[in-house]
file query-v6.csv (CSV, C-alpha atoms)
chain,number,residue,atom,x,y,z
K,8,MET,CA,0.0,0.0,0.0
K,9,SER,CA,2.9,2.4,-0.7
K,10,GLY,CA,2.3,5.2,-3.2
K,11,ALA,CA,1.4,8.8,-2.7
K,12,ILE,CA,-2.3,9.7,-2.5
K,13,GLU,CA,-3.2,12.4,-5.1
K,14,GLU,CA,-6.4,14.6,-4.9
K,15,LEU,CA,-8.4,14.5,-8.2
K,16,THR,CA,-9.3,17.8,-9.8
K,17,ALA,CA,-13.0,18.7,-10.5
K,18,ASP,CA,-12.6,17.7,-14.1
K,19,GLU,CA,-11.0,14.4,-13.2
K,20,ILE,CA,-13.9,13.7,-10.7
K,21,ASP,CA,-16.5,14.5,-13.4
K,22,ALA,CA,-14.7,12.2,-15.9
K,23,PHE,CA,-14.5,9.4,-13.3
K,24,LEU,CA,-18.2,9.7,-12.4
K,25,ALA,CA,-19.1,9.7,-16.1
K,26,GLY,CA,-17.0,6.7,-16.9
K,27,GLN,CA,-18.0,4.2,-14.1
K,28,ILE,CA,-21.1,2.0,-14.1
K,29,VAL,CA,-21.6,0.9,-10.5
K,30,GLY,CA,-21.6,3.2,-7.5
K,31,ARG,CA,-22.8,2.9,-3.9
K,32,VAL,CA,-25.5,5.0,-2.2
K,33,GLY,CA,-25.0,5.6,1.5
K,34,CYS,CA,-28.1,6.6,3.5
K,35,HIS,CA,-29.0,6.8,7.1
K,36,THR,CA,-32.2,6.8,9.2
K,37,ASP,CA,-33.0,5.8,12.8
K,38,GLY,CA,-29.3,5.2,13.7
K,39,VAL,CA,-28.7,2.8,10.9
K,40,THR,CA,-26.3,3.4,8.0
K,41,TYR,CA,-27.1,1.5,4.8
K,42,VAL,CA,-24.7,1.2,1.8
K,43,VAL,CA,-26.1,-0.3,-1.4
K,44,PRO,CA,-24.8,-0.6,-4.9
K,45,VAL,CA,-26.6,0.9,-7.8
K,46,ILE,CA,-26.1,1.1,-11.6
K,47,TYR,CA,-26.1,4.7,-12.6
K,48,ALA,CA,-25.6,7.3,-15.3
K,49,TYR,CA,-24.0,10.6,-14.5
K,50,SER,CA,-25.2,13.7,-16.3
K,51,GLU,CA,-25.3,17.5,-15.6
K,52,GLY,CA,-24.0,17.2,-12.1
K,53,CYS,CA,-26.4,14.5,-11.1
K,54,VAL,CA,-26.2,10.7,-10.5
K,55,HIS,CA,-29.3,9.1,-12.1
K,56,VAL,CA,-30.7,5.8,-11.0
K,57,TYR,CA,-33.7,3.7,-12.0
K,58,THR,CA,-34.6,1.1,-9.3
K,59,VAL,CA,-37.6,-0.3,-7.4
K,60,GLU,CA,-39.3,0.5,-4.1
K,61,GLY,CA,-37.4,-1.0,-1.2
K,62,ARG,CA,-35.3,-0.2,1.8
K,63,LYS,CA,-32.9,2.4,0.2
K,64,VAL,CA,-35.8,4.3,-1.4
K,65,GLU,CA,-37.7,4.4,1.9
K,66,MET,CA,-34.6,5.6,3.8
K,67,MET,CA,-33.7,8.3,1.2
K,68,ARG,CA,-37.3,9.6,1.2
K,69,ARG,CA,-37.0,10.1,5.0
K,70,ASN,CA,-33.5,11.5,4.9
K,71,PRO,CA,-32.5,12.8,1.5
K,72,SER,CA,-28.9,13.8,2.5
K,73,VAL,CA,-26.9,10.9,1.0
K,74,CYS,CA,-23.4,9.9,0.1
K,75,PHE,CA,-22.5,8.4,-3.3
K,76,GLU,CA,-19.3,6.6,-3.8
K,77,VAL,CA,-17.4,5.2,-6.8
K,78,ASP,CA,-14.1,3.4,-6.9
K,79,GLU,CA,-11.9,1.5,-9.2
K,80,TYR,CA,-9.1,-0.8,-7.9
K,81,ASP,CA,-6.1,-2.1,-9.6
K,82,VAL,CA,-6.5,0.1,-12.6
K,83,ASP,CA,-2.9,-0.5,-13.6
K,84,GLY,CA,-2.6,-4.2,-12.5
K,85,ARG,CA,-0.3,-3.1,-9.7
K,86,GLY,CA,-2.7,-2.1,-7.0
K,87,GLY,CA,-3.4,1.5,-8.0
K,88,TRP,CA,-6.8,2.9,-7.3
K,89,ARG,CA,-9.2,5.8,-7.7
K,90,SER,CA,-12.2,6.8,-5.8
K,91,VAL,CA,-14.8,9.6,-5.7
K,92,ILE,CA,-17.0,10.4,-2.7
K,93,VAL,CA,-20.0,12.7,-3.3
K,94,GLN,CA,-22.3,14.4,-0.8
K,95,GLY,CA,-25.7,15.2,-2.3
K,96,GLU,CA,-29.4,15.3,-2.1
K,97,TYR,CA,-31.9,12.6,-3.2
K,98,GLU,CA,-34.6,13.8,-5.6
K,99,GLU,CA,-37.3,11.4,-6.7
K,100,LEU,CA,-38.5,11.9,-10.3
K,101,ASP,CA,-41.7,11.1,-12.1
K,102,GLY,CA,-43.3,11.7,-15.5
K,103,PRO,CA,-41.0,13.0,-18.2
K,104,GLU,CA,-38.1,13.3,-15.8
K,105,ALA,CA,-38.4,9.6,-14.9
K,106,GLN,CA,-38.5,8.8,-18.6
K,107,GLN,CA,-35.4,10.8,-19.1
K,108,VAL,CA,-33.6,8.7,-16.5
K,109,LEU,CA,-34.5,5.6,-18.5
K,110,GLU,CA,-33.2,7.2,-21.7
K,111,LEU,CA,-30.0,8.2,-20.0
K,112,LEU,CA,-29.4,4.7,-18.7
K,113,GLY,CA,-30.4,3.2,-22.0
K,114,ALA,CA,-27.9,5.4,-23.9
K,115,ARG,CA,-25.2,4.7,-21.3
K,116,PHE,CA,-25.6,0.9,-21.6
K,117,ALA,CA,-26.7,0.6,-25.2
K,118,ASP,CA,-23.7,-1.6,-25.9
K,119,ARG,CA,-24.5,-3.9,-23.0
K,120,SER,CA,-28.1,-4.8,-24.1
K,121,GLU,CA,-29.5,-3.1,-21.0
K,122,GLY,CA,-31.9,-0.7,-22.5
K,123,GLY,CA,-34.8,1.0,-20.7
K,124,SER,CA,-37.5,-1.4,-21.7
K,125,GLU,CA,-35.6,-4.3,-20.1
K,126,ARG,CA,-35.2,-2.3,-16.9
K,127,ARG,CA,-38.9,-2.1,-16.4
K,128,SER,CA,-39.1,-5.9,-16.0
K,129,ARG,CA,-37.2,-6.5,-12.8
K,130,GLY,CA,-38.1,-6.1,-9.2
K,131,GLY,CA,-40.7,-8.8,-8.6
K,132,GLY,CA,-43.7,-6.6,-9.0
K,133,ARG,CA,-42.4,-3.7,-6.8
K,134,ALA,CA,-43.1,-0.2,-8.2
K,135,ALA,CA,-40.3,1.4,-10.2
K,136,VAL,CA,-38.6,4.5,-8.8
K,137,ALA,CA,-36.4,6.9,-10.7
K,138,PHE,CA,-34.2,9.3,-8.8
K,139,ARG,CA,-31.2,11.5,-9.0
K,140,ILE,CA,-28.6,12.6,-6.5
K,141,ARG,CA,-27.7,16.2,-7.1
K,142,VAL,CA,-24.0,16.5,-6.3
K,143,ALA,CA,-23.4,19.2,-3.7
K,144,SER,CA,-19.7,18.4,-3.1
K,145,ALA,CA,-17.3,15.8,-4.3
K,146,THR,CA,-13.8,14.7,-3.5
K,147,GLY,CA,-11.6,12.3,-5.4
K,148,ARG,CA,-8.4,10.5,-4.7
K,149,ALA,CA,-6.0,8.3,-6.7
K,150,VAL,CA,-2.9,6.3,-6.0
K,151,HIS,CA,-0.7,5.3,-8.9
K,152,ARG,CA,1.9,2.6,-8.3
U,27,MET,CA,-31.8,-5.4,-15.9
U,28,SER,CA,-34.0,-8.4,-16.1
U,29,GLY,CA,-33.2,-11.5,-14.1
U,30,ALA,CA,-34.6,-12.6,-10.8
U,31,ILE,CA,-32.9,-11.5,-7.6
U,32,GLU,CA,-31.7,-14.3,-5.3
U,33,GLU,CA,-30.9,-14.1,-1.6
U,34,LEU,CA,-27.5,-15.5,-0.8
U,35,THR,CA,-27.2,-18.1,2.0
U,36,ALA,CA,-25.0,-17.5,5.0
U,37,ASP,CA,-22.3,-19.7,3.5
U,38,GLU,CA,-22.4,-17.8,0.2
U,39,ILE,CA,-22.2,-14.5,2.1
U,40,ASP,CA,-19.1,-15.8,4.0
U,41,ALA,CA,-17.4,-17.0,0.8
U,42,PHE,CA,-18.1,-13.8,-1.0
U,43,LEU,CA,-16.7,-11.7,1.9
U,44,ALA,CA,-13.7,-13.9,2.0
U,45,GLY,CA,-13.1,-13.7,-1.7
U,46,GLN,CA,-13.3,-10.0,-2.4
U,47,ILE,CA,-10.5,-7.4,-1.9
U,48,VAL,CA,-12.3,-4.0,-1.8
U,49,GLY,CA,-15.3,-3.1,0.3
U,50,ARG,CA,-16.9,0.1,1.4
U,51,VAL,CA,-17.4,1.3,5.0
U,52,GLY,CA,-20.5,3.5,5.6
U,53,CYS,CA,-20.4,5.6,8.7
U,54,HIS,CA,-22.5,8.5,10.0
U,55,THR,CA,-22.0,11.4,12.4
U,56,ASP,CA,-23.6,14.9,12.8
U,57,GLY,CA,-26.1,14.3,10.0
U,58,VAL,CA,-23.4,13.3,7.4
U,59,THR,CA,-23.2,9.8,5.9
U,60,TYR,CA,-19.7,8.9,4.5
U,61,VAL,CA,-18.9,5.9,2.3
U,62,VAL,CA,-15.3,5.1,1.7
U,63,PRO,CA,-13.5,2.2,0.0
U,64,VAL,CA,-11.1,0.0,2.0
U,65,ILE,CA,-8.9,-2.9,1.2
U,66,TYR,CA,-9.8,-5.6,3.7
U,67,ALA,CA,-9.3,-9.2,4.8
U,68,TYR,CA,-12.2,-11.2,6.2
U,69,SER,CA,-11.6,-13.7,9.0
U,70,GLU,CA,-13.7,-15.2,11.8
U,71,GLY,CA,-16.7,-13.1,11.3
U,72,CYS,CA,-14.8,-9.8,11.1
U,73,VAL,CA,-13.7,-7.5,8.4
U,74,HIS,CA,-10.1,-6.4,9.1
U,75,VAL,CA,-8.6,-3.1,7.8
U,76,TYR,CA,-5.3,-1.4,8.2
U,77,THR,CA,-5.4,2.3,7.4
U,78,VAL,CA,-4.3,5.7,8.7
U,79,GLU,CA,-6.0,8.4,10.9
U,80,GLY,CA,-8.5,10.4,9.0
U,81,ARG,CA,-12.1,11.2,8.5
U,82,LYS,CA,-13.5,7.7,8.5
U,83,VAL,CA,-11.6,6.7,11.6
U,84,GLU,CA,-12.7,9.9,13.5
U,85,MET,CA,-16.3,9.2,12.5
U,86,MET,CA,-16.3,5.5,13.5
U,87,ARG,CA,-14.7,6.3,16.8
U,88,ARG,CA,-17.7,8.6,17.5
U,89,ASN,CA,-20.3,6.3,16.1
U,90,PRO,CA,-19.1,2.7,15.9
U,91,SER,CA,-22.3,1.4,14.3
U,92,VAL,CA,-21.3,1.0,10.7
U,93,CYS,CA,-22.2,-0.6,7.4
U,94,PHE,CA,-19.8,-2.6,5.2
U,95,GLU,CA,-20.6,-3.4,1.6
U,96,VAL,CA,-19.0,-5.6,-1.1
U,97,ASP,CA,-20.2,-6.0,-4.6
U,98,GLU,CA,-19.2,-7.6,-7.9
U,99,TYR,CA,-20.7,-6.6,-11.2
U,100,ASP,CA,-20.7,-8.4,-14.5
U,101,VAL,CA,-19.4,-11.6,-13.0
U,102,ASP,CA,-20.6,-13.5,-16.0
U,103,GLY,CA,-19.9,-10.9,-18.7
U,104,ARG,CA,-23.7,-10.4,-19.1
U,105,GLY,CA,-24.5,-8.0,-16.4
U,106,GLY,CA,-24.9,-10.4,-13.5
U,107,TRP,CA,-24.0,-9.2,-10.1
U,108,ARG,CA,-23.6,-10.1,-6.4
U,109,SER,CA,-23.5,-7.9,-3.3
U,110,VAL,CA,-23.3,-8.3,0.4
U,111,ILE,CA,-24.4,-5.7,3.0
U,112,VAL,CA,-23.2,-6.0,6.6
U,113,GLN,CA,-24.2,-4.2,9.7
U,114,GLY,CA,-21.5,-4.3,12.3
U,115,GLU,CA,-19.5,-2.6,15.0
U,116,TYR,CA,-16.2,-0.8,14.6
U,117,GLU,CA,-13.5,-2.0,17.0
U,118,GLU,CA,-10.1,-0.4,17.0
U,119,LEU,CA,-7.1,-2.7,17.6
U,120,ASP,CA,-3.6,-2.2,19.0
U,121,GLY,CA,-0.6,-4.2,20.1
U,122,PRO,CA,-0.7,-7.9,19.1
U,123,GLU,CA,-4.2,-7.6,17.6
U,124,ALA,CA,-3.1,-4.8,15.2
U,125,GLN,CA,-0.1,-6.9,14.3
U,126,GLN,CA,-2.5,-9.8,13.5
U,127,VAL,CA,-4.4,-7.5,11.1
U,128,LEU,CA,-1.2,-6.8,9.2
U,129,GLU,CA,-0.4,-10.5,9.1
U,130,LEU,CA,-3.9,-11.3,7.8
U,131,LEU,CA,-3.7,-8.7,5.1
U,132,GLY,CA,-0.1,-9.8,4.2
U,133,ALA,CA,-1.3,-13.4,3.8
U,134,ARG,CA,-4.3,-12.3,1.8
U,135,PHE,CA,-2.3,-10.3,-0.6
U,136,ALA,CA,0.9,-12.3,-0.6
U,137,ASP,CA,0.6,-12.9,-4.3
U,138,ARG,CA,0.1,-9.1,-5.0
U,139,SER,CA,3.3,-7.9,-3.4
U,140,GLU,CA,1.3,-6.0,-0.8
U,141,GLY,CA,2.7,-7.4,2.4
U,142,GLY,CA,2.6,-5.8,5.8
U,143,SER,CA,5.9,-4.0,5.7
U,144,GLU,CA,4.9,-2.0,2.7
U,145,ARG,CA,1.6,-1.1,4.2
U,146,ARG,CA,3.4,0.8,7.0
U,147,SER,CA,4.8,3.3,4.5
U,148,ARG,CA,1.7,5.1,3.2
U,149,GLY,CA,-0.3,7.9,4.7
U,150,GLY,CA,1.9,10.9,4.5
U,151,GLY,CA,3.0,10.7,8.2
U,152,ARG,CA,-0.5,10.1,9.6
U,153,ALA,CA,-0.7,7.5,12.4
U,154,ALA,CA,-1.6,3.9,11.4
U,155,VAL,CA,-4.9,2.5,12.6
U,156,ALA,CA,-5.9,-1.1,12.6
U,157,PHE,CA,-9.5,-2.0,13.1
U,158,ARG,CA,-12.1,-4.7,12.6
U,159,ILE,CA,-15.8,-4.6,11.9
U,160,ARG,CA,-17.5,-7.4,13.8
U,161,VAL,CA,-20.4,-8.6,11.6
U,162,ALA,CA,-23.7,-8.4,13.5
U,163,SER,CA,-25.9,-9.2,10.5
U,164,ALA,CA,-25.4,-9.6,6.8
U,165,THR,CA,-27.6,-9.9,3.7
U,166,GLY,CA,-26.5,-10.9,0.2
U,167,ARG,CA,-28.1,-10.8,-3.2
U,168,ALA,CA,-27.3,-12.1,-6.6
U,169,VAL,CA,-28.7,-11.8,-10.1
U,170,HIS,CA,-27.6,-14.3,-12.7
U,171,ARG,CA,-28.3,-13.6,-16.4
call {"tool": "encode", "arguments": {"input": "query-v6.csv", "output": "structure tokens"}}
result
Amino acid sequence: MSGAIEELTADEIDAFLAGQIVGRVGCHTDGVTYVVPVIYAYSEGCVHVYTVEGRKVEMMRRNPSVCFEVDEYDVDGRGGWRSVIVQGEYEELDGPEAQQVLELLGARFADRSEGGSERRSRGGGRAAVAFRIRVASATGRAVHR
Amino acid sequence: MSGAIEELTADEIDAFLAGQIVGRVGCHTDGVTYVVPVIYAYSEGCVHVYTVEGRKVEMMRRNPSVCFEVDEYDVDGRGGWRSVIVQGEYEELDGPEAQQVLELLGARFADRSEGGSERRSRGGGRAAVAFRIRVASATGRAVHR
């Protein structure tokens, strides 16, 4: 674990958020912290997610101040890593804005056969929920080996 | 995002925690939730980490009820994933117990040239901190495509 830690610039943070696929939402209610992975698309200063009703959505509705984290390990095959940690606000979306989230995710994952129409089918009958996390502040770090 | 979500068994959760390298600690103080990646070794129902003084350690000292999350995406090249979410308690270690954490991590990463002696050198002069998160409860999910 040698190697100096570098702070990422705002542009590097943006590029990293735009380039990754999986991030983790951290939320908190009633003394319990909950961290859960989500597939997301980053656009215009917001993390966009399409999911289903469940624990994380219930918690974020009650406490919309959330953390969002993305990391990449062993980028260089030698143990280097990058991570970005965001503080932001949960905003639930419906109507045209929810549709836009599906389109964003569809465009982001077009080459992975994970378009919007497929997304609608999961969740075992639970209601779909579209939301964004508006980035209020973000820090990023990297270690190159 | 089609594909049924399966709950992992206790044995599958244990095996997944033992097999992964990077997890995320979620902690909370003063209305702020913080999610940060860590390299860890899992042993005897605890997640072991060797790090340096900083924000996450300060927060966990003040509020030791933490979340720990591990995920793996695209396991099968078709968008399948697995994740485990742990609720547990932060326990700071020193003396022989801190040394044991170094040994655990050294053994875990022996094939990655990341042994204990190297770990001591990072952190820009900040004091080293060894801790474990004792798993109180854990859930795991998987989607196969």
call {"tool": "residues_near_point", "arguments": {"input": "query-v6.csv", "point": "(-2.3, -1.4, 8.1)", "cutoff": "6 Å", "atoms": "all atoms listed in the file", "output": "PyMOL selection string"}}
result
chain U and resi 76-77+128+145+156
call {"tool": "write_last_selection", "arguments": {"input": "query-v6.csv", "atoms": "C-alpha atoms", "output": "PDB file, keeping the file's coordinate frame"}}
result
ATOM      1  CA  TYR U  76      -5.300  -1.400   8.200  1.00  0.00           C
ATOM      2  CA  THR U  77      -5.400   2.300   7.400  1.00  0.00           C
ATOM      3  CA  LEU U 128      -1.200  -6.800   9.200  1.00  0.00           C
ATOM      4  CA  ARG U 145       1.600  -1.100   4.200  1.00  0.00           C
ATOM      5  CA  ALA U 156      -5.900  -1.100  12.600  1.00  0.00           C
TER       6      ALA U 156
END
call {"tool": "calpha_fit_and_write", "arguments": {"input": "query-v6.csv", "fixed": "chain U", "moving": "chain K", "output": "mmCIF file with C-alpha atoms, keeping the file's coordinate frame"}}
result
data_model
loop_
_atom_site.group_PDB
_atom_site.id
_atom_site.type_symbol
_atom_site.label_atom_id
_atom_site.label_comp_id
_atom_site.auth_asym_id
_atom_site.auth_seq_id
_atom_site.Cartn_x
_atom_site.Cartn_y
_atom_site.Cartn_z
ATOM 1 C CA MET K 8 -31.784 -5.283 -15.738
ATOM 2 C CA SER K 9 -34.048 -8.349 -16.099
ATOM 3 C CA GLY K 10 -33.187 -11.423 -14.035
ATOM 4 C CA ALA K 11 -34.541 -12.659 -10.771
ATOM 5 C CA ILE K 12 -32.878 -11.424 -7.570
ATOM 6 C CA GLU K 13 -31.728 -14.386 -5.387
ATOM 7 C CA GLU K 14 -30.918 -14.080 -1.596
ATOM 8 C CA LEU K 15 -27.438 -15.531 -0.766
ATOM 9 C CA THR K 16 -27.229 -18.106 1.987
ATOM 10 C CA ALA K 17 -24.951 -17.515 5.062
ATOM 11 C CA ASP K 18 -22.298 -19.716 3.564
ATOM 12 C CA GLU K 19 -22.443 -17.942 0.234
ATOM 13 C CA ILE K 20 -22.137 -14.521 2.066
ATOM 14 C CA ASP K 21 -19.100 -15.780 4.035
ATOM 15 C CA ALA K 22 -17.468 -17.078 0.805
ATOM 16 C CA PHE K 23 -18.162 -13.761 -0.971
ATOM 17 C CA LEU K 24 -16.720 -11.693 1.899
ATOM 18 C CA ALA K 25 -13.659 -13.958 1.993
ATOM 19 C CA GLY K 26 -13.066 -13.781 -1.704
ATOM 20 C CA GLN K 27 -13.317 -9.971 -2.417
ATOM 21 C CA ILE K 28 -10.541 -7.430 -1.875
ATOM 22 C CA VAL K 29 -12.234 -4.032 -1.814
ATOM 23 C CA GLY K 30 -15.271 -3.148 0.256
ATOM 24 C CA ARG K 31 -16.893 0.111 1.369
ATOM 25 C CA VAL K 32 -17.361 1.332 4.958
ATOM 26 C CA GLY K 33 -20.442 3.438 5.568
ATOM 27 C CA CYS K 34 -20.406 5.650 8.684
ATOM 28 C CA HIS K 35 -22.420 8.505 9.950
ATOM 29 C CA THR K 36 -21.965 11.383 12.433
ATOM 30 C CA ASP K 37 -23.523 14.855 12.770
ATOM 31 C CA GLY K 38 -26.067 14.242 9.939
ATOM 32 C CA VAL K 39 -23.478 13.300 7.415
ATOM 33 C CA THR K 40 -23.172 9.862 5.796
ATOM 34 C CA TYR K 41 -19.697 8.959 4.531
ATOM 35 C CA VAL K 42 -18.937 5.945 2.253
ATOM 36 C CA VAL K 43 -15.279 5.078 1.684
ATOM 37 C CA PRO K 44 -13.527 2.178 0.087
ATOM 38 C CA VAL K 45 -11.125 0.048 1.983
ATOM 39 C CA ILE K 46 -8.910 -2.999 1.249
ATOM 40 C CA TYR K 47 -9.771 -5.696 3.687
ATOM 41 C CA ALA K 48 -9.337 -9.275 4.827
ATOM 42 C CA TYR K 49 -12.244 -11.204 6.211
ATOM 43 C CA SER K 50 -11.635 -13.684 8.998
ATOM 44 C CA GLU K 51 -13.685 -15.231 11.887
ATOM 45 C CA GLY K 52 -16.716 -13.116 11.278
ATOM 46 C CA CYS K 53 -14.823 -9.885 11.124
ATOM 47 C CA VAL K 54 -13.721 -7.450 8.350
ATOM 48 C CA HIS K 55 -10.110 -6.385 9.096
ATOM 49 C CA VAL K 56 -8.619 -3.181 7.844
ATOM 50 C CA TYR K 57 -5.262 -1.455 8.248
ATOM 51 C CA THR K 58 -5.460 2.296 7.381
ATOM 52 C CA VAL K 59 -4.385 5.715 8.696
ATOM 53 C CA GLU K 60 -5.979 8.368 10.896
ATOM 54 C CA GLY K 61 -8.440 10.455 8.932
ATOM 55 C CA ARG K 62 -12.074 11.263 8.493
ATOM 56 C CA LYS K 63 -13.514 7.657 8.490
ATOM 57 C CA VAL K 64 -11.522 6.710 11.607
ATOM 58 C CA GLU K 65 -12.698 9.834 13.442
ATOM 59 C CA MET K 66 -16.342 9.204 12.452
ATOM 60 C CA MET K 67 -16.256 5.470 13.404
ATOM 61 C CA ARG K 68 -14.686 6.300 16.796
ATOM 62 C CA ARG K 69 -17.675 8.618 17.484
ATOM 63 C CA ASN K 70 -20.275 6.274 16.082
ATOM 64 C CA PRO K 71 -19.100 2.694 15.851
ATOM 65 C CA SER K 72 -22.339 1.316 14.248
ATOM 66 C CA VAL K 73 -21.251 0.979 10.592
ATOM 67 C CA CYS K 74 -22.275 -0.618 7.358
ATOM 68 C CA PHE K 75 -19.840 -2.614 5.189
ATOM 69 C CA GLU K 76 -20.617 -3.355 1.642
ATOM 70 C CA VAL K 77 -19.088 -5.549 -1.082
ATOM 71 C CA ASP K 78 -20.197 -6.046 -4.640
ATOM 72 C CA GLU K 79 -19.110 -7.592 -7.829
ATOM 73 C CA TYR K 80 -20.666 -6.597 -11.207
ATOM 74 C CA ASP K 81 -20.719 -8.387 -14.428
ATOM 75 C CA VAL K 82 -19.376 -11.575 -13.001
ATOM 76 C CA ASP K 83 -20.563 -13.506 -16.032
ATOM 77 C CA GLY K 84 -19.904 -10.811 -18.732
ATOM 78 C CA ARG K 85 -23.648 -10.397 -19.121
ATOM 79 C CA GLY K 86 -24.504 -7.983 -16.384
ATOM 80 C CA GLY K 87 -24.952 -10.380 -13.468
ATOM 81 C CA TRP K 88 -24.022 -9.190 -10.043
ATOM 82 C CA ARG K 89 -23.575 -10.042 -6.382
ATOM 83 C CA SER K 90 -23.530 -7.944 -3.348
ATOM 84 C CA VAL K 91 -23.264 -8.298 0.449
ATOM 85 C CA ILE K 92 -24.357 -5.645 2.948
ATOM 86 C CA VAL K 93 -23.162 -6.053 6.561
ATOM 87 C CA GLN K 94 -24.240 -4.210 9.703
ATOM 88 C CA GLY K 95 -21.550 -4.266 12.388
ATOM 89 C CA GLU K 96 -19.544 -2.590 15.016
ATOM 90 C CA TYR K 97 -16.157 -0.820 14.635
ATOM 91 C CA GLU K 98 -13.437 -2.041 17.001
ATOM 92 C CA GLU K 99 -10.060 -0.350 16.971
ATOM 93 C CA LEU K 100 -7.106 -2.689 17.642
ATOM 94 C CA ASP K 101 -3.642 -2.165 19.002
ATOM 95 C CA GLY K 102 -0.631 -4.245 20.046
ATOM 96 C CA PRO K 103 -0.702 -7.881 19.025
ATOM 97 C CA GLU K 104 -4.184 -7.571 17.596
ATOM 98 C CA ALA K 105 -3.035 -4.762 15.278
ATOM 99 C CA GLN K 106 -0.104 -6.929 14.251
ATOM 100 C CA GLN K 107 -2.452 -9.718 13.495
ATOM 101 C CA VAL K 108 -4.391 -7.472 11.127
ATOM 102 C CA LEU K 109 -1.163 -6.813 9.240
ATOM 103 C CA GLU K 110 -0.430 -10.544 9.046
ATOM 104 C CA LEU K 111 -3.912 -11.249 7.816
ATOM 105 C CA LEU K 112 -3.653 -8.650 5.082
ATOM 106 C CA GLY K 113 -0.164 -9.759 4.225
ATOM 107 C CA ALA K 114 -1.286 -13.403 3.825
ATOM 108 C CA ARG K 115 -4.357 -12.314 1.846
ATOM 109 C CA PHE K 116 -2.286 -10.267 -0.646
ATOM 110 C CA ALA K 117 0.953 -12.209 -0.617
ATOM 111 C CA ASP K 118 0.602 -12.787 -4.341
ATOM 112 C CA ARG K 119 0.080 -9.101 -5.034
ATOM 113 C CA SER K 120 3.345 -7.849 -3.374
ATOM 114 C CA GLU K 121 1.324 -5.963 -0.762
ATOM 115 C CA GLY K 122 2.737 -7.328 2.386
ATOM 116 C CA GLY K 123 2.491 -5.730 5.839
ATOM 117 C CA SER K 124 5.799 -3.967 5.824
ATOM 118 C CA GLU K 125 4.827 -2.040 2.673
ATOM 119 C CA ARG K 126 1.546 -1.020 4.284
ATOM 120 C CA ARG K 127 3.305 0.816 7.026
ATOM 121 C CA SER K 128 4.780 3.279 4.496
ATOM 122 C CA ARG K 129 1.728 5.086 3.219
ATOM 123 C CA GLY K 130 -0.372 7.831 4.629
ATOM 124 C CA GLY K 131 1.912 10.862 4.555
ATOM 125 C CA GLY K 132 3.014 10.652 8.125
ATOM 126 C CA ARG K 133 -0.501 10.075 9.624
ATOM 127 C CA ALA K 134 -0.632 7.446 12.413
ATOM 128 C CA ALA K 135 -1.606 3.932 11.364
ATOM 129 C CA VAL K 136 -4.897 2.500 12.620
ATOM 130 C CA ALA K 137 -5.928 -1.126 12.569
ATOM 131 C CA PHE K 138 -9.556 -2.029 13.053
ATOM 132 C CA ARG K 139 -12.135 -4.670 12.551
ATOM 133 C CA ILE K 140 -15.851 -4.600 11.915
ATOM 134 C CA ARG K 141 -17.517 -7.397 13.794
ATOM 135 C CA VAL K 142 -20.379 -8.576 11.594
ATOM 136 C CA ALA K 143 -23.668 -8.457 13.485
ATOM 137 C CA SER K 144 -25.921 -9.174 10.468
ATOM 138 C CA ALA K 145 -25.403 -9.633 6.796
ATOM 139 C CA THR K 146 -27.546 -9.957 3.729
ATOM 140 C CA GLY K 147 -26.517 -10.941 0.239
ATOM 141 C CA ARG K 148 -28.114 -10.822 -3.139
ATOM 142 C CA ALA K 149 -27.221 -12.075 -6.636
ATOM 143 C CA VAL K 150 -28.673 -11.803 -10.089
ATOM 144 C CA HIS K 151 -27.562 -14.274 -12.717
ATOM 145 C CA ARG K 152 -28.350 -13.474 -16.344
#
call {"tool": "closest_residue", "arguments": {"input": "query-v6.csv", "among": "U:Ala44, U:Leu131, U:Val73, U:Val112", "to": "Ser163 of chain U", "atoms": "all atoms listed in the file"}}
result
U:Val112
call {"tool": "closest_residue", "arguments": {"input": "query-v6.csv", "among": "U:Val92, U:Thr35, U:Val78, U:Gly49", "to": "chain K", "atoms": "all atoms listed in the file"}}
result
U:Val92
call {"tool": "closest_residue", "arguments": {"input": "query-v6.csv", "among": "K:Glu60, K:Glu14, K:Glu76, K:Glu65", "to": "chain U", "atoms": "only C-alpha atoms"}}
result
K:Glu76
call {"tool": "residues_around", "arguments": {"input": "query-v6.csv", "residues": "Val108 of chain K", "least_positions_apart": "2", "cutoff": "8 Å", "atoms": "only C-alpha atoms", "output": "MDAnalysis selection string"}}
result
chainID K and resid 55:57 104:106 110:112 137:138
call {"tool": "atom_distance", "arguments": {"input": "query-v6.csv", "atom1": "atom CA of Thr36 of chain K", "atom2": "atom CA of Phe75 of chain K"}}
result
15.9 Å
call {"tool": "residues_around", "arguments": {"input": "query-v6.csv", "residues": "Asp83 of chain K", "least_positions_apart": "3", "cutoff": "10 Å", "atoms": "all atoms listed in the file", "output": "compact mmCIF listing (two decimals) with C-alpha atoms, in the frame of the given file"}}
result
# COMPACT_ATOMS: atom_id res chain seq x y z
CA TYR K 80 -9.10 -0.80 -7.90
CA GLY K 86 -2.70 -2.10 -7.00
CA GLY K 87 -3.40 1.50 -8.00
CA TRP K 88 -6.80 2.90 -7.30
CA HIS K 151 -0.70 5.30 -8.90
CA ARG K 152 1.90 2.60 -8.30
call {"tool": "residues_around", "arguments": {"input": "query-v6.csv", "residues": "Val61 of chain U", "least_positions_apart": "2", "cutoff": "9 Å", "atoms": "only C-alpha atoms", "output": "MDAnalysis selection string"}}
result
(chainID K and resid 31:33 42 74:76 92:93) or (chainID U and resid 50:54 59 63 82 93)
call {"tool": "closest_residue", "arguments": {"input": "query-v6.csv", "among": "U:Val58, U:Ala67, U:Val96, U:Ile47", "to": "Arg108 of chain U", "atoms": "only C-alpha atoms"}}
result
U:Val96
call {"tool": "closest_residue", "arguments": {"input": "query-v6.csv", "among": "K:Arg115, K:Arg141, K:Arg68, K:Arg85", "to": "chain U", "atoms": "only C-alpha atoms"}}
result
K:Arg85
